[in-house]
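Colleague: Can you keep this structure in mind? I'll have questions shortly.
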Amino acid sequence: MDEISTTKPSIIVKNIIETILTIIVLIFCARCLKFIQTDSQIIMNNPRLIKKFTISKSNDIDVYLLIITASQNKKRTDYALNNWIPEFVNKYNKSEIVFVSDEPVENNFSLKTLILFKNYTTKVAIEQGEIQYGNKFKDTEKTIKFYHGMKDFYENTKYRWFKYQDDDGAIYVPNFGVMMKDFNQQFNPNEEMVVKGACTMHTSVVYDGEEDLYIQGGTGLVMSRKSIEFFLKHFDEWFRDLHIYEDRHLMRMFEKMGISGVNISSTYFIGDPFKEPNMDIIIRNKMFEYIQECPKVHPPTQCKPEFYEFRKIASYHKYWYLDFLDEYLRNNILPKGLRFYDNHCDPQVCLMKETNVSEQ
């Protein structure tokens, strides 16, 4: 009896200890689960982390993307190399990004640079007897770089599409694929002359106050292989008449192709800053209630009379002005009805009524 009486208390103590340990383990596991859930929320709310987990290859996008830059603009190329380019080269492995500059652009992605010697301007070209026309020194340099990019694309690659942009432009990578799939469904780039970009108009520097139609050059444009073939064939004649900004003069070539402002217009591009003062601040701070309703009728324009969707933007200009765009698109923060439209040079922002949104 004595032996039995001494054994029972030890069994009870043992059971109590095991129960306490089990409770501790359960509490610990619950905290672990909470930590895992919290960590997942952090990942989902951080676009930089999302990129590490959601990249999937897209083999049907074949684009030669030319970035026009110069050695003094290293800050701009660094931005691209640290932000949208890593996702682009991983996702669109059948496409190619190429820089054109006066010096090689150092990078970790094996991206090549077409070298155009430093300070190649109209002045330099005239002194060398190469050309005797034009007075826009900066834009002549840019146009020559654009030409070398087109030439490399057409003569040395088999890509079907050509995209060019300034070094202060940026790409929202997920929508870029949506855009190119859309174009592939609509057009045969090897057979059709296609040009797409941010169409706009302006009464400046061209015809003494007459409103001029053009495609905004900073965000660049997408051109089919067939249109590049035509451009190279007629480049000398077009370049001989260059006396204004390159994006203004591009319209002369597109008109020669039979392409209108309506044909060029695309919801995937946005160029100049917004017409309304501080609109970037309003959107950045999600003050959407301060945005005016879209007009019932689009203002007169030579571009396509369309209220473009913010949520479809793939290519944009002045990345520091729209630095919120990548995060807001990736996390679905922008209202479905948020639109922008051509209103004579600067895009105007508006909100489409919900009753009309479903019709878009």
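Quick note on naming: the chains in the structure tokens go A, B, ... in the order shown, residues restart at 1 in each chain, and ligands are numbered from 1 in order of appearance.
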Residues at most 9 Å from Phe288 in chain A, counting only C-alpha atoms, excluding those fewer than 5 positions away in the same chain, as number ranges by chain?
Modeller: A: 282-283, 334-335, 338, 351
Colleague: For Phe153 in chain A, which residue out of A:Phe88, A:Tyr341, A:Tyr290, A:Tyr64 is the nearest one, using only C-alpha atoms?
Modeller: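 Closest residue, counting only C-alpha atoms: A:Tyr64.
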Colleague: Given only C-alpha atoms as the basis, pick out the residue of A:Ser227, A:Thr301, A:Gln292, A:Gln348 nearest to Ile270 in chain A.
Modeller: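 The shortest atom-to-atom distance to Ile270 in chain A comes from A:Gln348.
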Colleague: Which residue, A:Val63, A:Val98, A:Leu322, A:Leu329, has the smallest gap to Phe162 in chain A when you use only C-alpha atoms?
Modeller: A:Val63
Colleague: List every residue of range 208-312 of chain A that has an atom at most 8 Å from any atom of range 189-203 of chain A, giving for each one its closest atom pair and the distance in Å to one decimal, counting only C-alpha atoms, sorted by chain and then by ascending residue number, as a Markdown table.
Modeller:
```
| residue | atom | partner | partner_atom | distance |
| --- | --- | --- | --- | --- |
| A:Asp208 | CA | A:Thr203 | CA | 7.7 |
| A:Gly209 | CA | A:Thr203 | CA | 5.0 |
| A:Glu210 | CA | A:Thr203 | CA | 5.5 |
| A:Glu211 | CA | A:Thr203 | CA | 4.3 |
| A:Asp212 | CA | A:Met201 | CA | 5.3 |
| A:Leu213 | CA | A:Met201 | CA | 4.5 |
| A:Tyr214 | CA | A:Thr200 | CA | 5.7 |
| A:Ile215 | CA | A:Cys199 | CA | 4.6 |
| A:Gln216 | CA | A:Ala198 | CA | 5.5 |
| A:Thr219 | CA | A:Ala198 | CA | 7.5 |
| A:Gly220 | CA | A:Gly197 | CA | 6.5 |
| A:Leu221 | CA | A:Gly197 | CA | 4.5 |
| A:Val222 | CA | A:Lys196 | CA | 5.1 |
| A:Met223 | CA | A:Val195 | CA | 4.6 |
| A:Ser224 | CA | A:Pro189 | CA | 4.6 |
| A:Arg225 | CA | A:Asn190 | CA | 5.4 |
| A:Lys226 | CA | A:Asn190 | CA | 5.2 |
| A:Ser227 | CA | A:Met193 | CA | 4.4 |
| A:Phe254 | CA | A:Val195 | CA | 7.9 |
| A:Met257 | CA | A:Met193 | CA | 7.3 |
| A:Ile259 | CA | A:Val195 | CA | 7.6 |
| A:Gly261 | CA | A:Cys199 | CA | 6.2 |
| A:Asn263 | CA | A:Lys196 | CA | 7.4 |
| A:Ile264 | CA | A:Lys196 | CA | 4.5 |
| A:Ser265 | CA | A:Cys199 | CA | 5.1 |
| A:Ser266 | CA | A:Gly197 | CA | 5.7 |
| A:Thr267 | CA | A:Ala198 | CA | 7.9 |
| A:Tyr268 | CA | A:Gly197 | CA | 7.6 |
| A:Phe269 | CA | A:Ala198 | CA | 5.1 |
| A:Ile270 | CA | A:Ala198 | CA | 5.6 |
| A:Gly271 | CA | A:Ala198 | CA | 5.9 |
| A:Thr301 | CA | A:Met201 | CA | 7.9 |
| A:Gln302 | CA | A:Met201 | CA | 7.6 |
| A:Cys303 | CA | A:Cys199 | CA | 5.8 |
```
Colleague: Keeping only C-alpha atoms, write those residues as a PDB file, in the first residue's frame.
Modeller:
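This went into selection_34.pdb:
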```pdb
ATOM      1  CA  ASP A 208       2.582  79.803 -85.842  1.00  0.00           C
ATOM      2  CA  GLY A 209      -0.255  79.000 -83.476  1.00  0.00           C
ATOM      3  CA  GLU A 210      -1.881  76.290 -85.550  1.00  0.00           C
ATOM      4  CA  GLU A 211      -2.597  73.224 -83.439  1.00  0.00           C
ATOM      5  CA  ASP A 212      -0.246  70.410 -84.341  1.00  0.00           C
ATOM      6  CA  LEU A 213      -0.915  66.707 -83.898  1.00  0.00           C
ATOM      7  CA  TYR A 214       1.961  64.625 -82.539  1.00  0.00           C
ATOM      8  CA  ILE A 215       2.919  61.609 -80.460  1.00  0.00           C
ATOM      9  CA  GLN A 216       4.540  62.324 -77.081  1.00  0.00           C
ATOM     10  CA  THR A 219       6.954  57.728 -73.098  1.00  0.00           C
ATOM     11  CA  GLY A 220       7.870  56.600 -76.598  1.00  0.00           C
ATOM     12  CA  LEU A 221       5.920  54.429 -78.957  1.00  0.00           C
ATOM     13  CA  VAL A 222       5.486  50.911 -80.277  1.00  0.00           C
ATOM     14  CA  MET A 223       6.078  50.299 -83.985  1.00  0.00           C
ATOM     15  CA  SER A 224       5.597  47.191 -86.079  1.00  0.00           C
ATOM     16  CA  ARG A 225       8.458  45.714 -88.085  1.00  0.00           C
ATOM     17  CA  LYS A 226       6.726  46.764 -91.307  1.00  0.00           C
ATOM     18  CA  SER A 227       6.559  50.401 -90.175  1.00  0.00           C
ATOM     19  CA  PHE A 254       3.432  58.634 -89.841  1.00  0.00           C
ATOM     20  CA  MET A 257       2.534  55.940 -93.784  1.00  0.00           C
ATOM     21  CA  ILE A 259      -1.446  56.619 -90.050  1.00  0.00           C
ATOM     22  CA  GLY A 261      -3.911  60.371 -84.698  1.00  0.00           C
ATOM     23  CA  ASN A 263      -4.793  55.090 -85.325  1.00  0.00           C
ATOM     24  CA  ILE A 264      -1.903  56.021 -83.030  1.00  0.00           C
ATOM     25  CA  SER A 265      -3.930  56.646 -79.867  1.00  0.00           C
ATOM     26  CA  SER A 266      -3.675  54.008 -77.162  1.00  0.00           C
ATOM     27  CA  THR A 267      -4.840  53.675 -73.564  1.00  0.00           C
ATOM     28  CA  TYR A 268      -1.546  51.960 -72.688  1.00  0.00           C
ATOM     29  CA  PHE A 269       0.541  55.176 -72.904  1.00  0.00           C
ATOM     30  CA  ILE A 270       0.581  58.400 -70.912  1.00  0.00           C
ATOM     31  CA  GLY A 271       3.032  61.184 -71.738  1.00  0.00           C
ATOM     32  CA  THR A 301      -9.488  66.198 -80.821  1.00  0.00           C
ATOM     33  CA  GLN A 302      -7.535  64.775 -83.743  1.00  0.00           C
ATOM     34  CA  CYS A 303      -6.601  61.864 -81.478  1.00  0.00           C
TER      35      CYS A 303
END
```
Colleague: Do you have the CA of Asp247 in chain A-CA of Tyr164 in chain A distance handy?
Modeller: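 Between CA of Asp247 in chain A and CA of Tyr164 in chain A the gap works out to 11.7 Å.
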Colleague: Name all residues at most 10 Å from Val349 in chain A (count only C-alpha atoms; drop same-chain ones fewer than 4 positions away) and give them as an MDAnalysis selection string.
Modeller: chainID A and resid 274:276 279:280 283 291:294 307:308 310 338:343
Colleague: For the selection you just gave me, I'd like the residues written to a file as a PDB file, in the first residue's frame, keeping N, CA and C atoms.
Modeller:
```
ATOM      1  N   PHE A 274      -0.138  65.946 -65.907  1.00  0.00           N
ATOM      2  CA  PHE A 274      -1.558  66.243 -65.986  1.00  0.00           C
ATOM      3  C   PHE A 274      -1.820  67.737 -66.142  1.00  0.00           C
ATOM      4  N   LYS A 275      -2.924  68.043 -66.795  1.00  0.00           N
ATOM      5  CA  LYS A 275      -3.302  69.439 -66.998  1.00  0.00           C
ATOM      6  C   LYS A 275      -3.640  70.119 -65.671  1.00  0.00           C
ATOM      7  N   GLU A 276      -4.325  69.396 -64.775  1.00  0.00           N
ATOM      8  CA  GLU A 276      -4.741  69.989 -63.507  1.00  0.00           C
ATOM      9  C   GLU A 276      -3.548  70.111 -62.556  1.00  0.00           C
ATOM     10  N   MET A 279      -2.558  67.357 -59.561  1.00  0.00           N
ATOM     11  CA  MET A 279      -3.338  66.133 -59.735  1.00  0.00           C
ATOM     12  C   MET A 279      -2.535  64.908 -59.309  1.00  0.00           C
ATOM     13  N   ASP A 280      -1.222  64.939 -59.531  1.00  0.00           N
ATOM     14  CA  ASP A 280      -0.396  63.815 -59.088  1.00  0.00           C
ATOM     15  C   ASP A 280      -0.456  63.658 -57.569  1.00  0.00           C
ATOM     16  N   ILE A 283      -3.919  62.142 -56.561  1.00  0.00           N
ATOM     17  CA  ILE A 283      -3.990  60.693 -56.772  1.00  0.00           C
ATOM     18  C   ILE A 283      -3.086  59.963 -55.783  1.00  0.00           C
ATOM     19  N   ILE A 291     -11.615  64.635 -57.701  1.00  0.00           N
ATOM     20  CA  ILE A 291     -11.457  64.532 -59.156  1.00  0.00           C
ATOM     21  C   ILE A 291     -12.811  64.734 -59.827  1.00  0.00           C
ATOM     22  N   GLN A 292     -12.840  65.576 -60.835  1.00  0.00           N
ATOM     23  CA  GLN A 292     -14.102  65.896 -61.507  1.00  0.00           C
ATOM     24  C   GLN A 292     -14.631  64.714 -62.307  1.00  0.00           C
ATOM     25  N   GLU A 293     -15.917  64.739 -62.545  1.00  0.00           N
ATOM     26  CA  GLU A 293     -16.558  63.698 -63.347  1.00  0.00           C
ATOM     27  C   GLU A 293     -16.179  63.875 -64.814  1.00  0.00           C
ATOM     28  N   CYS A 294     -16.041  62.785 -65.527  1.00  0.00           N
ATOM     29  CA  CYS A 294     -15.714  62.855 -66.955  1.00  0.00           C
ATOM     30  C   CYS A 294     -16.848  63.536 -67.719  1.00  0.00           C
ATOM     31  N   PHE A 307     -11.811  58.029 -73.388  1.00  0.00           N
ATOM     32  CA  PHE A 307     -11.401  58.232 -72.002  1.00  0.00           C
ATOM     33  C   PHE A 307     -10.586  57.003 -71.591  1.00  0.00           C
ATOM     34  N   TYR A 308      -9.265  57.183 -71.572  1.00  0.00           N
ATOM     35  CA  TYR A 308      -8.359  56.055 -71.368  1.00  0.00           C
ATOM     36  C   TYR A 308      -8.375  55.587 -69.916  1.00  0.00           C
ATOM     37  N   PHE A 310      -6.763  54.365 -66.530  1.00  0.00           N
ATOM     38  CA  PHE A 310      -5.529  54.400 -65.747  1.00  0.00           C
ATOM     39  C   PHE A 310      -5.009  52.994 -65.484  1.00  0.00           C
ATOM     40  N   LEU A 338     -11.338  55.619 -62.918  1.00  0.00           N
ATOM     41  CA  LEU A 338     -10.348  56.675 -63.107  1.00  0.00           C
ATOM     42  C   LEU A 338      -9.864  56.682 -64.551  1.00  0.00           C
ATOM     43  N   ARG A 339      -9.982  57.833 -65.200  1.00  0.00           N
ATOM     44  CA  ARG A 339      -9.664  57.965 -66.619  1.00  0.00           C
ATOM     45  C   ARG A 339      -8.749  59.171 -66.864  1.00  0.00           C
ATOM     46  N   PHE A 340      -8.116  59.187 -68.038  1.00  0.00           N
ATOM     47  CA  PHE A 340      -7.420  60.377 -68.518  1.00  0.00           C
ATOM     48  C   PHE A 340      -7.719  60.499 -70.003  1.00  0.00           C
ATOM     49  N   TYR A 341      -7.668  61.728 -70.516  1.00  0.00           N
ATOM     50  CA  TYR A 341      -7.995  61.921 -71.926  1.00  0.00           C
ATOM     51  C   TYR A 341      -7.221  63.096 -72.489  1.00  0.00           C
ATOM     52  N   ASP A 342      -7.024  63.067 -73.795  1.00  0.00           N
ATOM     53  CA  ASP A 342      -6.301  64.153 -74.456  1.00  0.00           C
ATOM     54  C   ASP A 342      -7.150  65.418 -74.431  1.00  0.00           C
ATOM     55  N   ASN A 343      -6.560  66.484 -73.893  1.00  0.00           N
ATOM     56  CA  ASN A 343      -7.251  67.773 -73.876  1.00  0.00           C
ATOM     57  C   ASN A 343      -6.278  68.854 -74.300  1.00  0.00           C
TER      58      ASN A 343
END
```
Colleague: Tell me which protein, DNA and RNA residues are within 9 Å of range 71-84 of chain A, counting only C-alpha atoms, leaving out same-chain ones fewer than 3 positions away, and put them as number ranges by chain.
Modeller: A: 48, 67, 87-89, 101-105, 107-109, 118, 167-173, 319
Colleague: Next, dump the selected residues to file, keeping only N, CA and C atoms, as a CSV table (one decimal), in the first residue's frame.
Modeller:
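Final output, saved to part_12.csv:
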```
chain,number,residue,atom,x,y,z
A,48,ARG,N,7.5,45.4,-54.1
A,48,ARG,CA,8.9,44.9,-54.4
A,48,ARG,C,9.0,43.4,-54.0
A,67,ILE,N,16.2,52.1,-75.2
A,67,ILE,CA,16.2,53.2,-74.2
A,67,ILE,C,17.2,54.3,-74.7
A,87,GLU,N,12.2,42.8,-63.4
A,87,GLU,CA,11.0,42.1,-63.7
A,87,GLU,C,10.8,41.9,-65.2
A,88,PHE,N,11.1,42.9,-66.0
A,88,PHE,CA,10.9,42.8,-67.4
A,88,PHE,C,11.8,41.6,-68.0
A,89,VAL,N,13.1,41.6,-67.7
A,89,VAL,CA,13.9,40.6,-68.3
A,89,VAL,C,13.6,39.2,-67.8
A,101,SER,N,23.7,55.1,-76.3
A,101,SER,CA,24.3,56.2,-75.5
A,101,SER,C,25.7,56.5,-76.0
A,102,ASP,N,26.4,57.5,-75.4
A,102,ASP,CA,27.7,57.8,-75.8
A,102,ASP,C,28.7,56.9,-75.1
A,103,GLU,N,28.3,56.2,-74.0
A,103,GLU,CA,29.2,55.3,-73.3
A,103,GLU,C,28.4,54.0,-72.9
A,104,PRO,N,29.0,52.9,-72.7
A,104,PRO,CA,28.3,51.7,-72.3
A,104,PRO,C,27.6,51.9,-71.0
A,105,VAL,N,26.4,51.4,-70.9
A,105,VAL,CA,25.6,51.4,-69.7
A,105,VAL,C,25.8,50.1,-68.9
A,107,ASN,N,25.5,47.1,-66.4
A,107,ASN,CA,24.3,46.5,-65.9
A,107,ASN,C,24.6,45.0,-65.6
A,108,ASN,N,23.8,44.4,-64.8
A,108,ASN,CA,24.0,43.0,-64.5
A,108,ASN,C,23.1,42.0,-65.3
A,109,PHE,N,22.5,42.5,-66.4
A,109,PHE,CA,21.6,41.7,-67.2
A,109,PHE,C,22.0,41.4,-68.6
A,118,LYS,N,30.1,60.9,-78.1
A,118,LYS,CA,29.6,61.9,-77.3
A,118,LYS,C,29.4,63.2,-78.0
A,167,ASP,N,15.1,57.9,-71.4
A,167,ASP,CA,15.6,57.3,-70.2
A,167,ASP,C,14.8,57.7,-69.0
A,168,ASP,N,13.9,58.7,-69.1
A,168,ASP,CA,13.1,59.1,-67.9
A,168,ASP,C,11.7,58.5,-68.1
A,169,GLY,N,11.5,57.6,-69.0
A,169,GLY,CA,10.3,56.8,-69.1
A,169,GLY,C,10.4,55.5,-68.3
A,170,ALA,N,9.2,54.9,-68.0
A,170,ALA,CA,9.2,53.7,-67.3
A,170,ALA,C,8.1,52.8,-67.8
A,171,ILE,N,8.2,51.5,-67.4
A,171,ILE,CA,7.3,50.5,-67.9
A,171,ILE,C,6.6,49.8,-66.7
A,172,TYR,N,5.3,49.7,-66.7
A,172,TYR,CA,4.6,48.9,-65.7
A,172,TYR,C,4.5,47.5,-66.3
A,173,VAL,N,5.3,46.6,-65.9
A,173,VAL,CA,5.6,45.3,-66.6
A,173,VAL,C,4.4,44.5,-66.8
A,319,TYR,N,9.2,59.3,-64.6
A,319,TYR,CA,9.0,58.3,-63.6
A,319,TYR,C,8.8,58.9,-62.2
```
Colleague: So which one's closest to Ile97 in chain A, A:Lys336, A:Lys163, A:Arg240, A:Lys304? Using only C-alpha atoms, please.
Modeller: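 Under the stated criterion, the closest residue is A:Lys163.
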Colleague: Could you pull out the strand (DSSP E) residues of range 159-320 of chain A from DSSP and send them as a PyMOL selection string?
Modeller: chain A and resi 161-166+169-171+195-197+199-207+210-215+221-224+269-270+308-309+315-317
